[in-house]
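Shown below: final-v3.tsv, with TSV, C-alpha atoms.
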chain	number	residue	atom	x	y	z
A	1	THR	CA	196.02	-46.09	59.70
A	2	ARG	CA	196.05	-42.84	61.58
A	3	PRO	CA	199.32	-40.99	62.23
A	4	GLY	CA	199.95	-40.77	65.94
A	5	GLY	CA	196.49	-42.17	66.55
A	6	SER	CA	194.81	-38.87	65.69
A	7	GLY	CA	194.15	-36.48	62.85
A	8	PRO	CA	192.74	-37.32	59.43
A	9	ALA	CA	193.01	-40.89	58.19
A	10	ARG	CA	196.04	-41.08	55.94
A	11	ARG	CA	196.64	-42.80	52.65
A	12	VAL	CA	199.70	-43.13	50.42
A	13	LEU	CA	199.57	-42.96	46.63
A	14	LEU	CA	202.47	-44.27	44.55
A	15	VAL	CA	202.33	-42.91	41.00
A	16	LEU	CA	204.43	-44.78	38.43
A	17	GLN	CA	205.17	-43.27	35.04
A	18	ALA	CA	207.55	-44.59	32.41
A	19	MET	CA	208.11	-45.06	28.72
A	20	ASP	CA	206.99	-48.42	27.32
A	21	CYS	CA	209.03	-51.30	28.82
A	22	GLY	CA	210.04	-49.04	31.72
A	23	GLY	CA	209.03	-51.65	34.27
A	24	LYS	CA	205.84	-50.37	35.83
A	25	ASP	CA	204.24	-53.82	35.98
A	26	GLY	CA	207.41	-55.43	37.30
A	27	THR	CA	207.82	-52.81	39.99
A	28	ILE	CA	204.26	-53.33	41.17
A	29	LYS	CA	204.68	-57.10	41.17
A	30	ARG	CA	207.92	-57.10	43.15
A	31	VAL	CA	207.43	-54.14	45.48
A	32	ALA	CA	203.69	-54.07	46.14
A	33	GLY	CA	203.59	-57.85	45.84
A	34	ALA	CA	205.56	-58.11	49.05
A	35	MET	CA	202.77	-56.36	50.97
A	36	ASP	CA	199.44	-57.53	52.32
A	37	PRO	CA	197.05	-57.28	49.35
A	38	LEU	CA	194.21	-56.36	51.70
A	39	GLY	CA	195.82	-52.95	52.17
A	40	LEU	CA	196.50	-52.27	48.48
A	41	HIS	CA	194.49	-50.44	45.84
A	42	ILE	CA	196.09	-50.81	42.39
A	43	ARG	CA	194.79	-49.14	39.26
A	44	SER	CA	196.07	-49.08	35.69
A	45	PHE	CA	195.15	-46.33	33.24
A	46	GLY	CA	194.94	-46.91	29.51
A	47	PRO	CA	193.33	-44.81	26.79
A	48	PRO	CA	190.19	-43.08	28.11
A	49	THR	CA	186.88	-44.83	27.54
A	50	PRO	CA	184.01	-42.99	25.80
A	51	GLU	CA	182.46	-42.32	29.21
A	52	GLU	CA	185.73	-40.92	30.58
A	53	LEU	CA	186.11	-38.67	27.56
A	54	ARG	CA	182.79	-37.06	28.42
A	55	HIS	CA	184.35	-35.71	31.63
A	56	ASP	CA	187.42	-33.66	32.46
A	57	PHE	CA	190.72	-35.56	32.47
A	58	LEU	CA	190.87	-35.78	36.28
A	59	TRP	CA	187.44	-37.40	36.62
A	60	ARG	CA	188.65	-40.97	36.26
A	61	ILE	CA	191.62	-40.27	38.52
A	62	ARG	CA	189.43	-39.02	41.35
A	63	ARG	CA	187.28	-42.14	41.09
A	64	ALA	CA	190.37	-44.36	41.42
A	65	LEU	CA	191.88	-42.80	44.55
A	66	PRO	CA	192.58	-45.22	47.42
A	67	ALA	CA	190.40	-45.14	50.51
A	68	ALA	CA	191.78	-43.96	53.83
A	69	GLY	CA	194.27	-46.40	55.31
A	70	TYR	CA	195.28	-47.89	51.94
A	71	LEU	CA	198.36	-47.79	49.78
A	72	GLY	CA	197.28	-46.86	46.29
A	73	VAL	CA	199.41	-47.62	43.22
A	74	PHE	CA	198.76	-45.99	39.86
A	75	ASN	CA	200.19	-47.68	36.77
A	76	ARG	CA	200.23	-44.53	34.62
A	77	SER	CA	198.14	-41.63	35.83
A	78	HIS	CA	196.82	-38.15	35.14
A	79	TYR	CA	200.25	-37.33	33.69
A	80	GLU	CA	199.31	-39.23	30.54
A	81	ASP	CA	197.27	-36.12	29.71
A	82	VAL	CA	200.39	-33.95	29.46
A	83	LEU	CA	202.55	-36.71	27.94
A	84	VAL	CA	200.69	-38.83	25.38
A	85	ALA	CA	198.09	-36.13	24.80
A	86	ARG	CA	200.89	-33.66	24.08
A	87	VAL	CA	203.15	-35.79	21.88
A	88	GLU	CA	200.33	-37.39	19.90
A	89	ALA	CA	198.45	-34.06	19.60
A	90	LEU	CA	195.26	-35.54	21.04
A	91	VAL	CA	194.16	-32.12	22.29
A	92	PRO	CA	195.13	-28.55	21.36
A	93	GLU	CA	198.33	-27.20	22.89
A	94	ALA	CA	196.42	-24.63	24.93
A	95	THR	CA	194.47	-27.48	26.53
A	96	TRP	CA	197.40	-29.63	27.64
A	97	ARG	CA	199.41	-26.61	28.76
A	98	ALA	CA	196.59	-25.54	31.08
A	99	ARG	CA	196.65	-28.97	32.67
A	100	TYR	CA	199.93	-28.37	34.51
A	101	ASP	CA	198.23	-25.87	36.81
A	102	GLU	CA	195.20	-28.15	37.14
A	103	ILE	CA	197.43	-31.05	38.15
A	104	ASN	CA	199.26	-28.94	40.73
A	105	ALA	CA	195.96	-27.75	42.21
A	106	PHE	CA	194.64	-31.33	42.27
A	107	GLU	CA	197.73	-32.69	44.01
A	108	ARG	CA	197.71	-29.84	46.51
A	109	GLU	CA	194.10	-30.73	47.29
A	110	LEU	CA	195.09	-34.37	47.81
A	111	THR	CA	197.89	-33.54	50.23
A	112	GLU	CA	195.58	-31.28	52.21
A	113	ARG	CA	193.17	-34.24	52.51
A	114	GLY	CA	195.86	-36.47	54.00
A	115	VAL	CA	197.20	-38.14	50.85
A	116	THR	CA	200.97	-38.62	50.71
A	117	LEU	CA	202.10	-38.68	47.10
A	118	ILE	CA	205.16	-40.54	45.83
A	119	LYS	CA	205.60	-39.78	42.15
A	120	VAL	CA	208.19	-41.92	40.40
A	121	MET	CA	209.42	-41.79	36.84
A	122	LEU	CA	211.10	-45.08	35.95
A	123	HIS	CA	213.74	-43.83	33.53
A	124	ILE	CA	214.73	-46.46	30.96
A	125	SER	CA	217.34	-45.78	28.29
A	126	TYR	CA	216.63	-45.91	24.57
A	127	ALA	CA	218.97	-48.88	24.11
A	128	GLU	CA	217.46	-50.89	26.98
A	129	GLN	CA	213.94	-50.26	25.73
A	130	GLY	CA	214.94	-51.64	22.34
A	131	GLU	CA	216.35	-54.79	23.96
A	132	ARG	CA	213.18	-55.38	25.96
A	133	LEU	CA	210.96	-54.92	22.93
A	134	LEU	CA	213.03	-57.48	21.04
A	135	GLU	CA	212.76	-59.92	23.96
A	136	ARG	CA	208.98	-59.72	23.69
A	137	LEU	CA	209.17	-60.68	20.03
A	138	ASP	CA	211.64	-63.51	20.68
A	139	ASP	CA	209.50	-65.22	23.30
A	140	PRO	CA	205.94	-66.30	22.36
A	141	ARG	CA	205.06	-66.20	26.05
A	142	LYS	CA	205.62	-62.44	25.93
A	143	TYR	CA	203.65	-61.66	22.78
A	144	TRP	CA	200.80	-60.42	24.97
A	145	LYS	CA	203.11	-57.66	26.23
A	146	TYR	CA	203.96	-56.43	22.76
A	147	ASN	CA	202.03	-53.61	21.15
A	148	PRO	CA	202.95	-52.47	17.62
A	149	ALA	CA	202.08	-48.94	18.73
A	150	ASP	CA	205.11	-49.04	21.04
A	151	VAL	CA	207.39	-48.83	18.00
A	152	ALA	CA	205.61	-45.71	16.80
A	153	ALA	CA	206.00	-44.15	20.25
A	154	ARG	CA	209.68	-45.15	20.27
A	155	ALA	CA	210.14	-43.16	17.06
A	156	ARG	CA	209.00	-40.09	19.03
A	157	TRP	CA	211.54	-40.70	21.82
A	158	ASP	CA	212.94	-37.17	21.88
A	159	ASP	CA	209.45	-35.67	21.92
A	160	TYR	CA	208.48	-37.86	24.87
A	161	GLN	CA	211.66	-36.97	26.74
A	162	ALA	CA	210.86	-33.28	26.28
A	163	ALA	CA	207.31	-33.88	27.51
A	164	TYR	CA	208.58	-35.72	30.59
A	165	ALA	CA	211.12	-33.00	31.33
A	166	GLU	CA	208.47	-30.30	31.32
A	167	ALA	CA	205.98	-32.35	33.33
A	168	LEU	CA	208.58	-33.09	36.01
A	169	GLY	CA	209.74	-29.50	36.07
A	170	ARG	CA	206.28	-27.92	36.15
A	171	CYS	CA	204.66	-30.40	38.53
A	172	GLY	CA	207.45	-31.22	40.95
A	173	THR	CA	206.38	-29.41	44.12
A	174	GLU	CA	207.46	-29.49	47.75
A	175	ALA	CA	204.31	-31.36	48.73
A	176	ALA	CA	204.39	-33.69	45.74
A	177	PRO	CA	207.94	-34.02	44.39
A	178	TRP	CA	209.05	-36.25	41.54
A	179	PHE	CA	211.65	-38.99	41.93
A	180	VAL	CA	213.51	-40.23	38.87
A	181	VAL	CA	214.63	-43.84	39.29
A	182	PRO	CA	217.06	-45.41	36.79
A	183	ALA	CA	215.23	-48.47	35.46
A	184	ASP	CA	217.70	-50.28	33.20
A	185	ARG	CA	218.66	-52.58	36.09
A	186	LYS	CA	215.51	-54.19	37.44
A	187	TRP	CA	216.99	-55.07	40.83
A	188	TYR	CA	218.02	-51.47	41.42
A	189	ARG	CA	214.67	-50.14	40.22
A	190	ASP	CA	212.81	-52.35	42.69
A	191	TRP	CA	215.22	-51.57	45.53
A	192	ALA	CA	214.92	-47.81	44.97
A	193	VAL	CA	211.12	-47.75	44.86
A	194	ALA	CA	210.86	-50.03	47.91
A	195	HIS	CA	213.15	-47.71	49.87
A	196	LEU	CA	211.17	-44.65	48.82
A	197	LEU	CA	208.07	-46.31	50.25
A	198	ARG	CA	209.86	-47.35	53.42
A	199	GLU	CA	211.26	-43.86	53.99
A	200	THR	CA	207.81	-42.35	53.39
A	201	PHE	CA	206.13	-44.70	55.87
A	202	ALA	CA	208.78	-43.78	58.46
A	203	THR	CA	207.79	-40.10	58.26
A	204	LEU	CA	204.09	-40.75	58.85
A	205	ASP	CA	204.28	-41.90	62.48
A	206	LEU	CA	202.00	-44.79	61.65
A	207	GLY	CA	200.48	-47.00	64.29
A	208	TYR	CA	197.88	-49.69	64.74
A	209	PRO	CA	194.34	-48.45	65.45
A	210	PRO	CA	193.26	-48.52	69.10
A	211	ALA	CA	190.99	-51.30	70.32
A	212	GLY	CA	187.28	-50.59	70.29
A	213	PHE	CA	186.83	-52.81	73.35
A	214	ASP	CA	188.35	-53.47	76.78
A	215	PRO	CA	191.15	-56.03	76.24
A	216	VAL	CA	191.26	-56.95	79.96
A	217	ARG	CA	187.55	-57.66	80.09
A	218	GLU	CA	187.64	-59.61	76.83
A	219	ARG	CA	190.54	-61.70	78.09
A	220	GLU	CA	188.52	-62.59	81.21
A	221	ARG	CA	185.43	-63.40	79.15
A	222	LEU	CA	187.46	-65.63	76.88
A	223	ARG	CA	189.10	-67.44	79.81
A	224	THR	CA	185.78	-67.93	81.59
A	225	GLY	CA	184.05	-69.00	78.41
A	226	VAL	CA	186.62	-71.69	77.73
A	227	ILE	CA	186.25	-73.10	81.26
A	228	GLU	CA	182.47	-73.10	81.09
A	229	ALA	CA	182.40	-74.75	77.69
A	230	CYS	CA	184.95	-77.45	78.47
A	231	GLY	CA	184.28	-78.05	82.14
A	232	THR	CA	186.71	-80.12	84.17
A	233	PRO	CA	188.57	-82.60	81.98
A	234	GLU	CA	187.84	-86.21	82.85
A	235	VAL	CA	190.72	-88.47	83.68
A	236	ASN	CA	190.72	-91.82	81.96
A	237	THR	CA	191.82	-94.34	84.57
A	238	ARG	CA	191.41	-97.44	82.46

Representation of the structure as structure tokens:
Amino acid sequence: TRPGGSGPARRVLLVLQAMDCGGKDGTIKRVAGAMDPLGLHIRSFGPPTPEELRHDFLWRIRRALPAAGYLGVFNRSHYEDVLVARVEALVPEATWRARYDEINAFERELTERGVTLIKVMLHISYAEQGERLLERLDDPRKYWKYNPADVAARARWDDYQAAYAEALGRCGTEAAPWFVVPADRKWYRDWAVAHLLRETFATLDLGYPPAGFDPVRERERLRTGVIEACGTPEVNTR
């Protein structure tokens, strides 16, 4: 969709970050699930594959960007490389510290290319996370959601909070600000993210693309074609 019918084709990218059990999947299901799937581009980012590790950390992110006219949703994102990589010491400190500036430059590039970024941290409390992890163990239908590694990450809660605080502070810019949404109450989480999207769409002056044909002529062709194909209906007098 083009704003005002002119200018570069726009796209919106919703970035969701959260601690484990923060509700990224649920938010996508309830908020993006209410939209036409033909206009959505949803990607989830886990640990890098061997191929991805052979490139810089933004390589896989660039390959996953939505096309023009789409709403993209990232379940985790390039911020994993200043969060998990930092807390778990996956790279030297000098490496992950340099990434803040790289992320800012990357996001500035995106906005200049017509991408509207909505970066949301779903902020779950320590107590609520514990309850949700227990629920996954209590219900066999939720075993697939449980990862023993989540308990190890939970033990580093303060370290992750410090990492989030610095990432939000260093990479919250005027063009690509961060929004922190309380996520303990699922209904409020979904409402808040939906309204962020709605407010963003309202600022873009979106409109339907113009017709690539003459509607008046096509209407006449259709009307004439129907008459020619059907002819004059016969009246059954019996």

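Residue nearest A:Val181 within the list A:Val120, A:Ala162, A:Ala149, A:Leu137: A:Val120 [criterion: smallest interatomic distance, all atoms listed in the file].
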
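Nearest residue to A:Ala32 among A:Leu204, A:Ala127, A:Val193, A:Ile118 is A:Val193, counting all atoms listed in the file.
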
Considering only C-alpha atoms, tabulate each residue of stretch 58-94 of chain A that lies at most 10 Å from stretch 21-29 of chain A along with its nearest interatomic pair and the corresponding distance in Å to one decimal; arrange the rows by chain and ascending residue number and present them as CSV.
residue,atom,partner,partner_atom,distance
A:Val73,CA,A:Ile28,CA,7.8
A:Phe74,CA,A:Lys24,CA,9.2
A:Asn75,CA,A:Lys24,CA,6.3
A:Arg76,CA,A:Lys24,CA,8.2

Now that the selection is made, can you save its residues with C-alpha atoms as a PDB file, in the frame of the given file?
ATOM      1  CA  VAL A  73     199.410 -47.620  43.220  1.00  0.00           C
ATOM      2  CA  PHE A  74     198.760 -45.990  39.860  1.00  0.00           C
ATOM      3  CA  ASN A  75     200.190 -47.680  36.770  1.00  0.00           C
ATOM      4  CA  ARG A  76     200.230 -44.530  34.620  1.00  0.00           C
TER       5      ARG A  76
END

Taking 6 positions as the minimum chain separation for residues in the same chain, which residues sit within 12 Å of A:Ala153 when counting all atoms listed in the file? Answer as a list in words.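 What passes the distance filter is Met19, Asp20, Cys21, Leu83, Val84, Val87, Glu88, Tyr126, Gln129, Gly130, Asn147, Asp159, Tyr160 and Gln161 of chain A.
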
Residues within 9 Å of A:Tyr70, all atoms listed in the file, excluding chain neighbours under 6 positions, as a VMD selection string: chain A and resid 1 10 to 13 38 to 41

Ranking A:Leu117, A:Phe201, A:Leu134, A:Glu174 by minimum distance to A:Tyr146 and counting all atoms listed in the file, which one comes first?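 Looking at the shortest contact to A:Tyr146, the residue is A:Leu134.
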
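With only C-alpha atoms as the atoms that count, the minimum distance from A:Glu107 to the choices A:Arg62, A:Arg189, A:Arg198, A:Arg136 is reached by A:Arg62.
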
Go through A:Gln17, A:Thr111, A:Ser125, A:Ser77 and flag the residue nearest A:Ala176, using all atoms listed in the file for the distances. A:Thr111

Residues at most 12 Å from A:Phe57, counting only C-alpha atoms, excluding those fewer than 6 positions away in the same chain, as a ChimeraX atom specification? /A:45,47-49,51,63,77-82,85,91,95-96,98-100,102-103,106

Correct to one decimal, the distance atom CA of A:Ala163-atom CA of A:Asp150 is 16.6 Å

For A:Arg170, work out the shell of residues within 9 Å, counting all atoms listed in the file and skipping chain neighbours fewer than 4 positions away, then give it as a ChimeraX atom specification. /A:100-101,104,165-166

Pairwise distance, atom CA of A:Lys145 with atom CA of A:Glu128, equals 15.9 Å

Nearest to A:Thr116: which of A:Ala34, A:Ala9, A:Ile61, A:Ala89 is it, counting all atoms listed in the file? A:Ala9

Just to confirm, what's the straight-line distance from atom CA of A:Leu14 to atom CA of A:Leu65 in Å (one decimal)?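 Pair atom CA of A:Leu14 / atom CA of A:Leu65 returns 10.7 Å.
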
I'd like the neighbourhood of A:Ala183 as number ranges by chain, where a residue qualifies if any of its atoms comes within 6 Å (using all atoms listed in the file), though same-chain residues fewer than 4 positions away should be ignored. A: 122-124, 189
